[in-house]
Amino acid sequence: MPDIYYKTEDEISLIKESCRIIGETLAEIAKVLKPGMTGLQIDKIAEDYIRSQNADPAFKGFHGFPASLCVSVNEQVVHGIPNKIPFEVGDIVSVDCGVKKNGFYGDSAFTFAIGEISNDLARLLTVTKESLYKGIEAAVVGSRVGDIGFAVQQYAEVEHGFGIVRDLVGHGLGRSLHEPPEIPNYGRRGKGVVLREGLVIAIEPMVNLGVKDIKHLKDGWTIVTKDELPSAHYEHTLVLTKEGPITLSDHSLIEEEIKKNENLVQLIEKSSIFAPRN
């Protein structure tokens, strides 16, 4: 396995700066997101804001990806390419954003509920979001990667009956967008790489309303659920410290804007345990 790159305090601060821009970018989208808007429109908002912060959209051009955001609607799990199809009332829209500034990456995702959504979808989004924090809580120095995956899987799949995607995983990040180790959303306690201080990782549960299985569309990027039922996706970048895991990305600005946008549904509050690092 390739070497794991542990970060210094200065490097962690630079990653946090990239993550700050992501939170603000997604908040800009939350201000205006409504039925009738398109993925291309919010992609332009994101790119313009990121560049206004003297940063670069991390996804644009990454292995040829054509946009600044991954915009995945309903049954699309991840890596959706922004397009001209208008969002509709009842859609769930996963927006994944990456930023590179000062040589370091940040990565975070949030799933938006447009207008009134079904109870099943509200439950899917709530459980997926909560499973992210279960995974963060398990990311303790001295534990193992399998403990994170176990926590996510136990909550979303075992306790609530949703499908956990196996083929896509979280990851380390820093000078590269994807670094070792991989962080699956399933696993066994006590298995895998030992978690050490200075490790920066992105935990990102991808949780399906139906089966866990996925398939790739012909565009070469978009991944959808095999049964074409909806999927939700939330992601945080965090650092492991002796005092516990600390999130470097932040969803609180997004949630504040959702509260003010009558076209979006506010589901649950972010756990105050994992406040952004000061």
# chains A, B, ... in the order shown; residues from 1 in each chain; ligands from 1
>>> select_by_dssp(residues="stretch 88-168 of chain A", states="strand (DSSP E)", output="list in words")
Ile92, Val93, Ser94, Val95, Asp96, Cys97, Gly98, Val99, Lys100, Lys101, Phe104, Tyr105, Gly106, Asp107, Ser108, Ala109, Phe110, Thr111, Phe112, Ala113, Gly163 and Ile164 of chain A
>>> residues_around(residues="A:Pro205", least_positions_apart="6", cutoff="10 Å", atoms="only C-alpha atoms", output="ChimeraX atom specification")
/A:109,128-133,135,149,152-153,156,164-165,168-170,183-186,232-236
>>> write_last_selection(atoms="C-alpha atoms", output="short mmCIF file (atom, residue, chain, number, x, y, z; two decimals), in the first residue's frame")
data_model
loop_
_atom_site.label_atom_id
_atom_site.label_comp_id
_atom_site.auth_asym_id
_atom_site.auth_seq_id
_atom_site.Cartn_x
_atom_site.Cartn_y
_atom_site.Cartn_z
CA ALA A 109 -20.76 17.33 -0.36
CA THR A 128 -27.35 9.47 5.47
CA LYS A 129 -26.38 12.75 7.10
CA GLU A 130 -26.44 11.21 10.57
CA SER A 131 -24.36 8.26 9.35
CA LEU A 132 -21.65 10.73 8.30
CA TYR A 133 -21.36 11.90 11.91
CA GLY A 135 -18.36 7.75 10.91
CA GLY A 149 -16.97 1.90 7.87
CA VAL A 152 -21.60 4.11 8.96
CA GLN A 153 -22.87 0.71 7.85
CA ALA A 156 -27.54 3.35 7.75
CA ILE A 164 -24.59 1.24 1.44
CA VAL A 165 -22.65 1.61 -1.81
CA LEU A 168 -17.19 3.99 -4.00
CA VAL A 169 -15.28 5.13 -0.94
CA GLY A 170 -13.98 8.09 1.01
CA ILE A 183 -12.28 5.00 3.65
CA PRO A 184 -15.12 2.56 2.84
CA ASN A 185 -18.61 3.10 4.25
CA TYR A 186 -18.78 -0.51 5.39
CA ALA A 232 -28.11 10.56 -0.91
CA HIS A 233 -24.54 11.74 -0.32
CA TYR A 234 -22.94 13.86 2.41
CA GLU A 235 -19.21 14.44 2.89
CA HIS A 236 -16.85 16.15 5.30
#
>>> residues_around(residues="A:Ile15", least_positions_apart="4", cutoff="8 Å", atoms="only C-alpha atoms", output="list in words")
Glu11, Cys19, Phe104, Tyr105, Gly106, Gly174 and Leu248 of chain A
>>> residues_around(residues="A:Lys31", least_positions_apart="4", cutoff="9 Å", atoms="only C-alpha atoms", output="list in words")
Leu26, Ala27, Ile254, Glu257, Ile258, Lys260 and Asn261 of chain A
>>> residues_around(residues="A:Gln41", least_positions_apart="6", cutoff="9 Å", atoms="only C-alpha atoms", output="JSON list (two decimals) with C-alpha atoms, in the first residue's frame")
[["chain", "number", "residue", "atom", "x", "y", "z"],
["A", 82, "PRO", "CA", -24.16, 19.44, -14.64],
["A", 83, "ASN", "CA", -26.66, 19.82, -17.48],
["A", 84, "LYS", "CA", -29.61, 21.88, -18.75]]
>>> select_by_dssp(residues="stretch 3-143 of chain A", states="helix (DSSP H, G or I)", output="ChimeraX atom specification")
/A:9-32,39-52,62-64,119-137
>>> residues_around(residues="A:Lys191", least_positions_apart="6", cutoff="12 Å", atoms="only C-alpha atoms", output="VMD selection string")
chain A and resid 142 to 150 183 to 184
>>> closest_atom_pairs(of="stretch 79-139 of chain A", to="stretch 62-66 of chain A", cutoff="12 Å", atoms="only C-alpha atoms", output="Markdown table")
| residue | atom | partner | partner_atom | distance |
| --- | --- | --- | --- | --- |
| A:His79 | CA | A:Phe65 | CA | 8.9 |
| A:Gly80 | CA | A:Phe65 | CA | 10.0 |
| A:Ile81 | CA | A:Pro66 | CA | 7.4 |
| A:Pro82 | CA | A:Pro66 | CA | 8.8 |
| A:Asn83 | CA | A:Pro66 | CA | 10.8 |
| A:Gly98 | CA | A:Phe62 | CA | 10.4 |
| A:Val99 | CA | A:Phe62 | CA | 11.6 |
| A:Lys100 | CA | A:Phe62 | CA | 11.6 |
>>> write_last_selection(atoms="C-alpha atoms", output="CSV table (one decimal), in the first residue's frame")
chain,number,residue,atom,x,y,z
A,79,HIS,CA,-20.2,12.2,-10.4
A,80,GLY,CA,-23.3,13.6,-12.2
A,81,ILE,CA,-22.3,16.1,-14.9
A,82,PRO,CA,-24.2,19.4,-14.6
A,83,ASN,CA,-26.7,19.8,-17.5
A,98,GLY,CA,-13.7,20.4,-4.3
A,99,VAL,CA,-11.4,23.3,-4.0
A,100,LYS,CA,-7.6,23.7,-4.4
>>> closest_residue(among="A:Val77, A:Ala58, A:Ala139, A:Val71", to="A:Asn208", atoms="only C-alpha atoms")
A:Val77
>>> residues_around(residues="stretch 223-229 of chain A", least_positions_apart="2", cutoff="6 Å", atoms="only C-alpha atoms", output="PyMOL selection string")
chain A and resi 75-78+210+213-216
>>> closest_residue(among="A:Pro230, A:Asp250, A:Gly190, A:Arg20", to="A:Val93", atoms="only C-alpha atoms")
A:Pro230
